[in-house]
Amino acid sequence: MKPWKRIQFWTTRRGRERELAREISAHRQMIEDEYLSQGLPPSEARAASLRRLGSSELTAAERSRDQWGLLWLEALLRDVRFASRLLRHRWLLSFAAIVTVAIGVGANTAVVSVLETALLHPLGLRDADRVFTATVRFDNLHMTHAPDSGVEYRELHSMTNIFSGVAAIEGRDWTSEMHGEPLRLVGRAVTADFFSVFGQHPALGRFFDPADEYAVVLSHRFWQARFAAEPSVIGQALMLDGKPYRIIGVAGPGFRFPTSAEVWIPLQLAPERMAASQRGNNMNLGVYARLRDGARPAQAASRVNAYVAALKSPGTADAGDLAKLSYFIDLEPFSQTVSGDLRRPLWLLWAAALVVLLTGCANISALLLSQTAGRRREMAIRLSLGGTRLQILRQLLVESLMLGVFGGVGGIAVAAVAISLLSNLSLPGQPLLELVRLDYRLLLYGLALALLSGLAFGLAPAVQLLRDSQTAAMARGTRKRFQDVFVAAEVCAAFVLLVSTGLLLQSLWTIEHIQPGFDPAHVTTAYLLKPKQDPGFKHRLVDALANAPGVEAAALAYPVPMSGDGGPTSMFDIRSRHHQHGEPEWHGEAYFVSARFFETLRIPLVHGRGLADSDNESAPLVCLIDRKLAERFFPDQDPIGQEIGMYSGWARVVGVVANIRGTTLESESRPVVYYSIYQIPYFDQAGVVVRSDTPGAPLIRAAVKQASGAAPVFDVRSMDERIAESLGVRRILAQLITVFGGICLLLAAVGLAGVAAQMVSERAKEIGVRVAVGARPEQILAHFLGRGLLSALIGLAAGVLAAVILERRLGSMLYGVAPLDLATFLAVSFTVLVVLFPAVLWPAWRASKIDPQTVLRYE
Amino acid sequence: MAGSSQDLLPGTLEMLILKTLDCGPNHGYAIAQYIQRVSDDALRVGEGSLYPALQRLLIEDWVTAAWGTSGTGRKVRFYKITPAGRKQLRHELDRFAFLVGGINRILEAV
């Protein structure tokens, strides 16, 4: 049968019906003519023809219509109409089901959208799984994911048999101007094959040739914002730090790597920077390698590992140092680089959202099952009137699929709202989250999930109903079992999620109560780009800050604590002695600060003196160390007066300060060396920390303006905000898992109550009889209470088992609490029982109040 | 009333209609008359079967239909066999002959 022909016939069926009617009436008239010609009188001939045609006129029309087919479509529409009447009738149940599906599907779709952007197709790159980030690891310095020096780039670049392209990028920021205000422009200097490593094509113009020097490629967003998407920008000049760069191209709209980059310029790596002696120096490069077609990631890793092992083999030039530091080059999938710390939380959220959806389905299933009793008659009648089992099954599935579709539409709305909320979050991964969009694939995912849910929660009740209508009592037993299993599964899911909630909240609480070692209250921080060729700027700025009204103390600092990955970490030498074999490597994290830094952040001085204003460019090089460095590397000697060599020669240690946590509250700091920012002026950026009674942001801007006029200020935030942001992922994760766990518990309670109430109403007569023959209400109460609590307890037991298996997977998301924390398990069990108890008690209490007279007379 | 179309083997009515139309285009009433006459009243095609069968043939593109005027001056629909219909007819005839052969062999077996 030709489907399209059928559709054509079906769509033109009204005209065809008229045609057929005319045809059949002509047929009747010809029969009439026949009778007339046989000599019957006209009136009789007509009657006879009508008689002969009789009901076959109707049958003919009807059966011809059947031929035009699409019967299934008409039947479906009939089913849909019937189902919508039914859903309206049971509006409370329908509403609950739709909301449940909407929440489940919405949460899932939202989480998967983030997963898609962050992990699956990071930043919209289709074949990102072929791209790897090369990072340096020094195990003995506790450094991982460190940027590369020029050497690693050169080495990977020469492995052409395994990588088809290797690119290096280096951070850049420039002072630019917009509407008369100095503006910081963020970009990257990139080697020529950067764009081809990421498989990019320009939206306009071209990308870099190796010969390009003062050229710039704009990001699509920057092109739109700054140049109003004007195609004629190609060939124009963009001023960066006062130098003209020729605009040669615009990147595609989807390409946003790194997420903050607005422009890219060519990176020229001087040969001396790539010389073997430079390994570990100038580690500012991000190196990205694309696997050659046919090469497997494991091959690349083993190739690189073999190379590094050869470097460390005895007899080669740097072998001793590299082996001592335990040097490695790691290849990390690019998606991990992009998603960073969001990766594990995202998978956890996805799993939790799926659990919520499944719990929701189990709940709807249980509630629909409890409705089946009322519909058994309907099914029996339909079957006895000739409805086939398939027709009934279809009808029942249409009902639940409609719930699924409505829920799915609601879920997509929920997801859209959730995604728009993402861009307002204050998280380390926030620029990434801003890129998350709901596209058609995610809409399809949401709808497919909703339909599957509809099928899932519709199938059990439908099958049950069909069996019910045939074999009454026996199958009712199975329905009970089904319901009990569903309810127990809900309790189990709720328990697992709530235990996770408990563990995550405890971790969060523990971390929030870690003392960072300094006083973050009333401290405002910011970064600025130092004006070039203006040596007096820093002094003027410090003076301006110190004299601003309301300022208690202010200082410069690079980097600002809690603003990223901390200071640059490297090895140092101690002038007075040689490193002994077996002694821990002498290493430290460097901060570059002005004199009143310690006063501003209230970091106690333990020993010696602090930095003074006189420790300036013309004074001998000095440094402070923290207590951790002192204890670790000067265990039995007074560090004051010792000289260490890390930057610009030997620096005399003049003081020891207390330890602080400089990156996040939860990570242990490395040993720290504080240099005077005047004496080591290597960095283009400087940070500002200000302790003040009045809001610090305007103070800082005003002081910078006063000191220079044209230095862009950016990333202005209070220290409390920075600390909160470093906890942001944990906080949101804990909140969402709490909500998910709460939803599951609520669903479990509703399911339990629904099933118990159903059981009571089905057995009302039996209860009546029992009471009539002398059962006391307490006995009835106890019976139903026990029955209801049994499935809750079974679910709880399953939950404990599942939690024991699953909670270990939380791994690094936990802090200061064991995955199998007994107190958490007990507290959650208690909570679950407290919430579920009323859900069981209420129907049991109603059962105990049943009046035998009413129930038995009702018959 | 020696038999109605319900008693025919499935698909046989379509074959008979196609065979009838193979001699030339005709309308529904005439097709019924023809089958009845040629079969010596052995087969009687009820309208309740005839028109659905014609619709089926239309859907399959084995016949086409067009309005015209009958010999007695009535507006009727003429059905005409298509090349695909002819092919189908040949196929049906083969199948039918095969079937009848089979039945005959059973009936003649001692």
# chains A, B, ... in the order shown; residues from 1 in each chain; ligands from 1
$ residues_around --residues "Ala146 in chain A" --least-positions-apart "6" --cutoff "12 Å" --atoms "only C-alpha atoms" --output "list in words"
Thr133, Ala134, Thr135, Val136, Arg137, Phe138, Asp139, Glu152, Gly280, Asn281, Asn282, Met283, Asn284, Leu285, Gly286, Val287, Tyr327, Phe328, Ile329, Asp330, Leu331, Glu332, Thr337, Asp565, Gly566, Gly567, Pro568, Thr569 and Ser570 of chain A
$ closest_atom_pairs --of "chain B" --to "chain A" --cutoff "12 Å" --atoms "only C-alpha atoms" --output "JSON lines"
{"residue": "B:His27", "atom": "CA", "partner": "A:His27", "partner_atom": "CA", "distance": 9.0}
{"residue": "B:Gly28", "atom": "CA", "partner": "A:His27", "partner_atom": "CA", "distance": 7.2}
{"residue": "B:Tyr29", "atom": "CA", "partner": "A:His27", "partner_atom": "CA", "distance": 5.6}
{"residue": "B:Ala30", "atom": "CA", "partner": "A:His27", "partner_atom": "CA", "distance": 9.1}
{"residue": "B:Ile31", "atom": "CA", "partner": "A:His27", "partner_atom": "CA", "distance": 10.9}
{"residue": "B:Ala32", "atom": "CA", "partner": "A:His27", "partner_atom": "CA", "distance": 10.1}
{"residue": "B:Gln33", "atom": "CA", "partner": "A:Ile31", "partner_atom": "CA", "distance": 10.2}
{"residue": "B:Val45", "atom": "CA", "partner": "A:Ser56", "partner_atom": "CA", "distance": 11.2}
{"residue": "B:Gly46", "atom": "CA", "partner": "A:Ser56", "partner_atom": "CA", "distance": 7.4}
{"residue": "B:Glu47", "atom": "CA", "partner": "A:Ser56", "partner_atom": "CA", "distance": 6.1}
{"residue": "B:Gly48", "atom": "CA", "partner": "A:Ala60", "partner_atom": "CA", "distance": 4.0}
{"residue": "B:Ser49", "atom": "CA", "partner": "A:Ala60", "partner_atom": "CA", "distance": 6.5}
{"residue": "B:Leu50", "atom": "CA", "partner": "A:Ala60", "partner_atom": "CA", "distance": 7.6}
{"residue": "B:Tyr51", "atom": "CA", "partner": "A:Ala60", "partner_atom": "CA", "distance": 5.9}
{"residue": "B:Pro52", "atom": "CA", "partner": "A:Ser64", "partner_atom": "CA", "distance": 4.1}
{"residue": "B:Ala53", "atom": "CA", "partner": "A:Ser64", "partner_atom": "CA", "distance": 7.6}
{"residue": "B:Leu54", "atom": "CA", "partner": "A:Ser64", "partner_atom": "CA", "distance": 8.3}
{"residue": "B:Gln55", "atom": "CA", "partner": "A:Ser64", "partner_atom": "CA", "distance": 6.0}
{"residue": "B:Arg56", "atom": "CA", "partner": "A:Gln67", "partner_atom": "CA", "distance": 6.0}
{"residue": "B:Leu57", "atom": "CA", "partner": "A:Gln67", "partner_atom": "CA", "distance": 9.7}
{"residue": "B:Leu58", "atom": "CA", "partner": "A:Phe9", "partner_atom": "CA", "distance": 9.6}
{"residue": "B:Ile59", "atom": "CA", "partner": "A:Lys5", "partner_atom": "CA", "distance": 6.4}
{"residue": "B:Glu60", "atom": "CA", "partner": "A:Met1", "partner_atom": "CA", "distance": 6.8}
{"residue": "B:Asp61", "atom": "CA", "partner": "A:Lys5", "partner_atom": "CA", "distance": 9.1}
{"residue": "B:Trp62", "atom": "CA", "partner": "A:Met1", "partner_atom": "CA", "distance": 11.9}
{"residue": "B:Ala65", "atom": "CA", "partner": "A:Glu19", "partner_atom": "CA", "distance": 11.0}
{"residue": "B:Ala66", "atom": "CA", "partner": "A:Glu19", "partner_atom": "CA", "distance": 10.8}
{"residue": "B:Trp67", "atom": "CA", "partner": "A:Glu23", "partner_atom": "CA", "distance": 9.3}
{"residue": "B:Gly68", "atom": "CA", "partner": "A:Glu23", "partner_atom": "CA", "distance": 11.1}
{"residue": "B:Thr69", "atom": "CA", "partner": "A:Ala26", "partner_atom": "CA", "distance": 10.7}
{"residue": "B:Ser70", "atom": "CA", "partner": "A:Met30", "partner_atom": "CA", "distance": 9.7}
{"residue": "B:Gly71", "atom": "CA", "partner": "A:Met30", "partner_atom": "CA", "distance": 10.7}
{"residue": "B:Thr72", "atom": "CA", "partner": "A:Met30", "partner_atom": "CA", "distance": 8.5}
{"residue": "B:Gly73", "atom": "CA", "partner": "A:Met30", "partner_atom": "CA", "distance": 10.2}
{"residue": "B:Arg74", "atom": "CA", "partner": "A:Ala26", "partner_atom": "CA", "distance": 7.1}
{"residue": "B:Lys75", "atom": "CA", "partner": "A:Ala26", "partner_atom": "CA", "distance": 7.0}
{"residue": "B:Val76", "atom": "CA", "partner": "A:Glu23", "partner_atom": "CA", "distance": 6.2}
{"residue": "B:Arg77", "atom": "CA", "partner": "A:Glu23", "partner_atom": "CA", "distance": 6.6}
{"residue": "B:Phe78", "atom": "CA", "partner": "A:Glu23", "partner_atom": "CA", "distance": 10.0}
{"residue": "B:Tyr79", "atom": "CA", "partner": "A:Glu23", "partner_atom": "CA", "distance": 11.7}
$ write_last_selection --atoms "N, CA, C and O atoms" --output "compact mmCIF listing (two decimals), in the first residue's frame"
# COMPACT_ATOMS: atom_id res chain seq x y z
N HIS B 27 -18.92 1.39 -15.86
CA HIS B 27 -19.29 1.97 -14.56
C HIS B 27 -19.73 0.87 -13.60
O HIS B 27 -19.93 -0.29 -14.01
N GLY B 28 -19.89 1.23 -12.34
CA GLY B 28 -20.11 0.27 -11.26
C GLY B 28 -21.29 -0.65 -11.52
O GLY B 28 -21.17 -1.89 -11.44
N TYR B 29 -22.43 -0.05 -11.87
CA TYR B 29 -23.63 -0.85 -12.09
C TYR B 29 -23.40 -1.87 -13.19
O TYR B 29 -23.71 -3.05 -13.06
N ALA B 30 -22.77 -1.40 -14.28
CA ALA B 30 -22.54 -2.29 -15.43
C ALA B 30 -21.57 -3.41 -15.07
O ALA B 30 -21.73 -4.55 -15.51
N ILE B 31 -20.58 -3.10 -14.24
CA ILE B 31 -19.63 -4.13 -13.82
C ILE B 31 -20.36 -5.23 -13.07
O ILE B 31 -20.20 -6.43 -13.33
N ALA B 32 -21.23 -4.80 -12.12
CA ALA B 32 -21.99 -5.77 -11.33
C ALA B 32 -22.86 -6.63 -12.25
O ALA B 32 -22.91 -7.86 -12.13
N GLN B 33 -23.55 -5.93 -13.17
CA GLN B 33 -24.43 -6.63 -14.13
C GLN B 33 -23.63 -7.65 -14.94
O GLN B 33 -24.05 -8.79 -15.13
N VAL B 45 -22.60 -9.59 -7.26
CA VAL B 45 -21.74 -8.65 -6.53
C VAL B 45 -22.62 -7.60 -5.87
O VAL B 45 -23.31 -6.84 -6.54
N GLY B 46 -22.61 -7.60 -4.54
CA GLY B 46 -23.37 -6.59 -3.79
C GLY B 46 -22.66 -5.25 -3.85
O GLY B 46 -21.43 -5.18 -3.96
N GLU B 47 -23.49 -4.18 -3.75
CA GLU B 47 -22.90 -2.84 -3.81
C GLU B 47 -21.97 -2.62 -2.61
O GLU B 47 -20.99 -1.89 -2.71
N GLY B 48 -22.32 -3.25 -1.51
CA GLY B 48 -21.51 -3.08 -0.29
C GLY B 48 -20.11 -3.62 -0.45
O GLY B 48 -19.21 -3.26 0.29
N SER B 49 -19.90 -4.51 -1.42
CA SER B 49 -18.54 -5.01 -1.67
C SER B 49 -17.91 -4.32 -2.87
O SER B 49 -16.72 -4.07 -2.91
N LEU B 50 -18.79 -4.04 -3.86
CA LEU B 50 -18.28 -3.53 -5.13
C LEU B 50 -17.55 -2.19 -4.94
O LEU B 50 -16.41 -2.02 -5.38
N TYR B 51 -18.22 -1.26 -4.26
CA TYR B 51 -17.62 0.08 -4.19
C TYR B 51 -16.35 0.13 -3.34
O TYR B 51 -15.37 0.75 -3.74
N PRO B 52 -16.33 -0.54 -2.18
CA PRO B 52 -15.05 -0.58 -1.44
C PRO B 52 -13.94 -1.19 -2.29
O PRO B 52 -12.81 -0.70 -2.27
N ALA B 53 -14.28 -2.25 -3.07
CA ALA B 53 -13.25 -2.89 -3.90
C ALA B 53 -12.73 -1.90 -4.94
O ALA B 53 -11.53 -1.81 -5.19
N LEU B 54 -13.66 -1.14 -5.53
CA LEU B 54 -13.24 -0.15 -6.52
C LEU B 54 -12.34 0.91 -5.88
O LEU B 54 -11.36 1.36 -6.47
N GLN B 55 -12.67 1.32 -4.65
CA GLN B 55 -11.82 2.29 -3.96
C GLN B 55 -10.42 1.73 -3.74
O GLN B 55 -9.42 2.43 -3.87
N ARG B 56 -10.38 0.43 -3.39
CA ARG B 56 -9.09 -0.20 -3.16
C ARG B 56 -8.26 -0.16 -4.44
O ARG B 56 -7.09 0.14 -4.44
N LEU B 57 -8.94 -0.49 -5.57
CA LEU B 57 -8.23 -0.50 -6.86
C LEU B 57 -7.74 0.91 -7.22
O LEU B 57 -6.66 1.08 -7.79
N LEU B 58 -8.56 1.91 -6.85
CA LEU B 58 -8.15 3.30 -7.12
C LEU B 58 -6.90 3.65 -6.33
O LEU B 58 -5.96 4.26 -6.85
N ILE B 59 -6.90 3.25 -5.05
CA ILE B 59 -5.75 3.57 -4.20
C ILE B 59 -4.49 2.92 -4.75
O ILE B 59 -3.41 3.52 -4.74
N GLU B 60 -4.67 1.69 -5.27
CA GLU B 60 -3.49 0.99 -5.78
C GLU B 60 -3.09 1.46 -7.17
O GLU B 60 -2.13 0.93 -7.73
N ASP B 61 -3.86 2.39 -7.73
CA ASP B 61 -3.57 2.87 -9.09
C ASP B 61 -3.74 1.79 -10.15
O ASP B 61 -3.09 1.83 -11.17
N TRP B 62 -4.59 0.81 -9.86
CA TRP B 62 -4.83 -0.22 -10.88
C TRP B 62 -5.95 0.18 -11.82
O TRP B 62 -6.07 -0.35 -12.91
N ALA B 65 -10.68 6.61 -12.57
CA ALA B 65 -12.12 6.84 -12.67
C ALA B 65 -12.37 8.20 -13.27
O ALA B 65 -11.59 9.13 -13.02
N ALA B 66 -13.43 8.33 -14.08
CA ALA B 66 -13.81 9.63 -14.63
C ALA B 66 -15.31 9.65 -14.81
O ALA B 66 -15.93 8.61 -15.11
N TRP B 67 -15.91 10.81 -14.57
CA TRP B 67 -17.37 10.93 -14.73
C TRP B 67 -17.72 10.94 -16.21
O TRP B 67 -17.01 11.55 -17.00
N GLY B 68 -18.81 10.27 -16.54
CA GLY B 68 -19.27 10.26 -17.93
C GLY B 68 -20.78 9.99 -17.96
O GLY B 68 -21.43 10.00 -16.90
N THR B 69 -21.29 9.73 -19.13
CA THR B 69 -22.74 9.49 -19.24
C THR B 69 -22.96 8.04 -19.67
O THR B 69 -22.31 7.55 -20.60
N SER B 70 -23.86 7.38 -18.96
CA SER B 70 -24.12 5.97 -19.27
C SER B 70 -24.99 5.86 -20.52
O SER B 70 -25.50 6.86 -21.01
N GLY B 71 -25.18 4.62 -21.02
CA GLY B 71 -26.01 4.37 -22.18
C GLY B 71 -27.43 4.89 -21.97
O GLY B 71 -28.10 5.32 -22.92
N THR B 72 -27.89 4.87 -20.73
CA THR B 72 -29.24 5.32 -20.45
C THR B 72 -29.28 6.80 -20.08
O THR B 72 -30.28 7.30 -19.61
N GLY B 73 -28.20 7.46 -20.28
CA GLY B 73 -28.17 8.91 -20.09
C GLY B 73 -27.96 9.38 -18.67
O GLY B 73 -28.22 10.53 -18.32
N ARG B 74 -27.46 8.48 -17.80
CA ARG B 74 -27.23 8.90 -16.40
C ARG B 74 -25.77 9.31 -16.22
O ARG B 74 -24.87 8.78 -16.88
N LYS B 75 -25.54 10.25 -15.26
CA LYS B 75 -24.16 10.63 -14.92
C LYS B 75 -23.57 9.51 -14.05
O LYS B 75 -24.08 9.23 -12.96
N VAL B 76 -22.57 8.85 -14.57
CA VAL B 76 -21.95 7.75 -13.80
C VAL B 76 -20.44 7.87 -13.88
O VAL B 76 -19.91 8.61 -14.71
N ARG B 77 -19.80 7.10 -12.99
CA ARG B 77 -18.34 7.12 -13.01
C ARG B 77 -17.83 5.91 -13.78
O ARG B 77 -18.19 4.78 -13.48
N PHE B 78 -17.02 6.19 -14.78
CA PHE B 78 -16.43 5.10 -15.57
C PHE B 78 -15.06 4.73 -15.01
O PHE B 78 -14.25 5.61 -14.74
N TYR B 79 -14.86 3.44 -14.84
CA TYR B 79 -13.56 2.97 -14.36
C TYR B 79 -12.80 2.38 -15.53
O TYR B 79 -13.38 1.69 -16.37
$ residues_around --residues "Ala792 in chain A" --least-positions-apart "5" --cutoff "9 Å" --atoms "only C-alpha atoms" --output "compact mmCIF listing (two decimals) with N, CA and C atoms, in the first residue's frame"
# COMPACT_ATOMS: atom_id res chain seq x y z
N ASP A 484 4.30 -1.59 45.46
CA ASP A 484 5.25 -1.62 46.57
C ASP A 484 6.67 -1.44 46.06
N VAL A 487 7.20 2.23 45.13
CA VAL A 487 7.32 3.11 46.29
C VAL A 487 8.66 2.88 46.98
N ALA A 488 9.05 1.62 47.11
CA ALA A 488 10.34 1.33 47.74
C ALA A 488 11.48 1.95 46.93
N GLU A 490 11.32 4.62 45.15
CA GLU A 490 11.34 6.07 45.40
C GLU A 490 12.05 6.38 46.70
N VAL A 491 11.75 5.59 47.73
CA VAL A 491 12.39 5.83 49.02
C VAL A 491 13.90 5.64 48.88
N CYS A 492 14.27 4.60 48.15
CA CYS A 492 15.69 4.30 47.93
C CYS A 492 16.37 5.48 47.25
N ALA A 748 8.23 10.37 47.19
CA ALA A 748 8.11 9.09 47.89
C ALA A 748 6.96 9.17 48.89
N LEU A 752 3.73 6.87 48.70
CA LEU A 752 3.43 5.99 49.83
C LEU A 752 2.01 6.23 50.33
N ALA A 797 16.39 0.29 53.26
CA ALA A 797 17.48 -0.69 53.28
C ALA A 797 18.19 -0.71 51.93
N VAL A 832 14.16 10.76 56.65
CA VAL A 832 13.28 10.07 55.71
C VAL A 832 12.10 9.48 56.46
N LEU A 833 12.37 8.84 57.58
CA LEU A 833 11.28 8.20 58.32
C LEU A 833 10.32 9.26 58.89
N LEU A 836 8.18 10.37 56.03
CA LEU A 836 7.29 9.35 55.47
C LEU A 836 6.24 8.90 56.48
$ select_by_dssp --residues "chain B" --states "alpha helix (DSSP H)" --output "PyMOL selection string"
chain B and resi 12-22+28-38+47-59+83-108
$ atom_distance --atom1 "CA of His607 in chain A" --atom2 "CA of Glu585 in chain A"
23.6 Å
$ atom_distance --atom1 "CA of Phe714 in chain A" --atom2 "CA of Gln515 in chain A"
27.0 Å
$ atom_distance --atom1 "CA of Leu425 in chain A" --atom2 "CA of Leu357 in chain A"
24.6 Å
$ residues_around --residues "Ile625 in chain A" --least-positions-apart "3" --cutoff "9 Å" --atoms "only C-alpha atoms" --output "PDB file with N, CA, C and O atoms, in the first residue's frame"
ATOM      1  N   LYS A 628      55.274  28.269  56.827  1.00  0.00           N
ATOM      2  CA  LYS A 628      55.390  26.936  56.246  1.00  0.00           C
ATOM      3  C   LYS A 628      56.749  26.760  55.582  1.00  0.00           C
ATOM      4  O   LYS A 628      57.428  25.741  55.776  1.00  0.00           O
ATOM      5  N   LEU A 629      57.187  27.799  54.838  1.00  0.00           N
ATOM      6  CA  LEU A 629      58.488  27.712  54.175  1.00  0.00           C
ATOM      7  C   LEU A 629      59.599  27.657  55.217  1.00  0.00           C
ATOM      8  O   LEU A 629      60.535  26.864  55.108  1.00  0.00           O
ATOM      9  N   ALA A 630      59.447  28.493  56.241  1.00  0.00           N
ATOM     10  CA  ALA A 630      60.466  28.528  57.281  1.00  0.00           C
ATOM     11  C   ALA A 630      60.605  27.169  57.939  1.00  0.00           C
ATOM     12  O   ALA A 630      61.710  26.651  58.129  1.00  0.00           O
ATOM     13  N   PRO A 639      65.717  31.633  59.891  1.00  0.00           N
ATOM     14  CA  PRO A 639      65.732  32.033  58.474  1.00  0.00           C
ATOM     15  C   PRO A 639      66.088  33.509  58.292  1.00  0.00           C
ATOM     16  O   PRO A 639      66.490  33.891  57.187  1.00  0.00           O
ATOM     17  N   VAL A 653      66.173  37.289  53.529  1.00  0.00           N
ATOM     18  CA  VAL A 653      64.923  37.086  54.258  1.00  0.00           C
ATOM     19  C   VAL A 653      64.931  38.013  55.459  1.00  0.00           C
ATOM     20  O   VAL A 653      65.829  37.944  56.307  1.00  0.00           O
ATOM     21  N   VAL A 654      63.902  38.922  55.504  1.00  0.00           N
ATOM     22  CA  VAL A 654      63.883  39.862  56.629  1.00  0.00           C
ATOM     23  C   VAL A 654      62.780  39.548  57.625  1.00  0.00           C
ATOM     24  O   VAL A 654      62.765  40.084  58.732  1.00  0.00           O
ATOM     25  N   GLY A 655      61.826  38.702  57.243  1.00  0.00           N
ATOM     26  CA  GLY A 655      60.747  38.435  58.184  1.00  0.00           C
ATOM     27  C   GLY A 655      60.013  37.156  57.849  1.00  0.00           C
ATOM     28  O   GLY A 655      60.115  36.630  56.737  1.00  0.00           O
ATOM     29  N   VAL A 656      59.278  36.651  58.831  1.00  0.00           N
ATOM     30  CA  VAL A 656      58.445  35.462  58.644  1.00  0.00           C
ATOM     31  C   VAL A 656      57.022  35.850  59.015  1.00  0.00           C
ATOM     32  O   VAL A 656      56.790  36.445  60.067  1.00  0.00           O
ATOM     33  N   VAL A 657      56.060  35.533  58.121  1.00  0.00           N
ATOM     34  CA  VAL A 657      54.655  35.829  58.418  1.00  0.00           C
ATOM     35  C   VAL A 657      53.877  34.516  58.518  1.00  0.00           C
ATOM     36  O   VAL A 657      54.358  33.458  58.115  1.00  0.00           O
ATOM     37  N   ALA A 658      52.644  34.638  59.046  1.00  0.00           N
ATOM     38  CA  ALA A 658      51.793  33.446  59.216  1.00  0.00           C
ATOM     39  C   ALA A 658      51.355  32.920  57.849  1.00  0.00           C
ATOM     40  O   ALA A 658      51.376  33.641  56.849  1.00  0.00           O
ATOM     41  N   PRO A 671      54.485  26.578  50.187  1.00  0.00           N
ATOM     42  CA  PRO A 671      55.344  27.548  50.888  1.00  0.00           C
ATOM     43  C   PRO A 671      55.391  28.842  50.076  1.00  0.00           C
ATOM     44  O   PRO A 671      55.401  28.798  48.847  1.00  0.00           O
ATOM     45  N   VAL A 672      55.400  29.985  50.771  1.00  0.00           N
ATOM     46  CA  VAL A 672      55.266  31.257  50.060  1.00  0.00           C
ATOM     47  C   VAL A 672      56.478  32.166  50.332  1.00  0.00           C
ATOM     48  O   VAL A 672      56.999  32.216  51.437  1.00  0.00           O
ATOM     49  N   VAL A 673      56.881  32.878  49.272  1.00  0.00           N
ATOM     50  CA  VAL A 673      57.888  33.930  49.377  1.00  0.00           C
ATOM     51  C   VAL A 673      57.229  35.236  48.948  1.00  0.00           C
ATOM     52  O   VAL A 673      56.567  35.282  47.912  1.00  0.00           O
ATOM     53  N   TYR A 674      57.327  36.278  49.794  1.00  0.00           N
ATOM     54  CA  TYR A 674      56.770  37.585  49.435  1.00  0.00           C
ATOM     55  C   TYR A 674      57.909  38.504  49.029  1.00  0.00           C
ATOM     56  O   TYR A 674      58.844  38.719  49.804  1.00  0.00           O
ATOM     57  N   TYR A 675      57.830  39.031  47.811  1.00  0.00           N
ATOM     58  CA  TYR A 675      58.816  39.999  47.334  1.00  0.00           C
ATOM     59  C   TYR A 675      58.186  41.378  47.336  1.00  0.00           C
ATOM     60  O   TYR A 675      56.953  41.520  47.303  1.00  0.00           O
TER      61      TYR A 675
END
$ residues_around --residues "Arg90 in chain B" --least-positions-apart "3" --cutoff "12 Å" --atoms "only C-alpha atoms" --output "PyMOL selection string"
chain B and resi 15-16+18-19+22+83-87+93-97
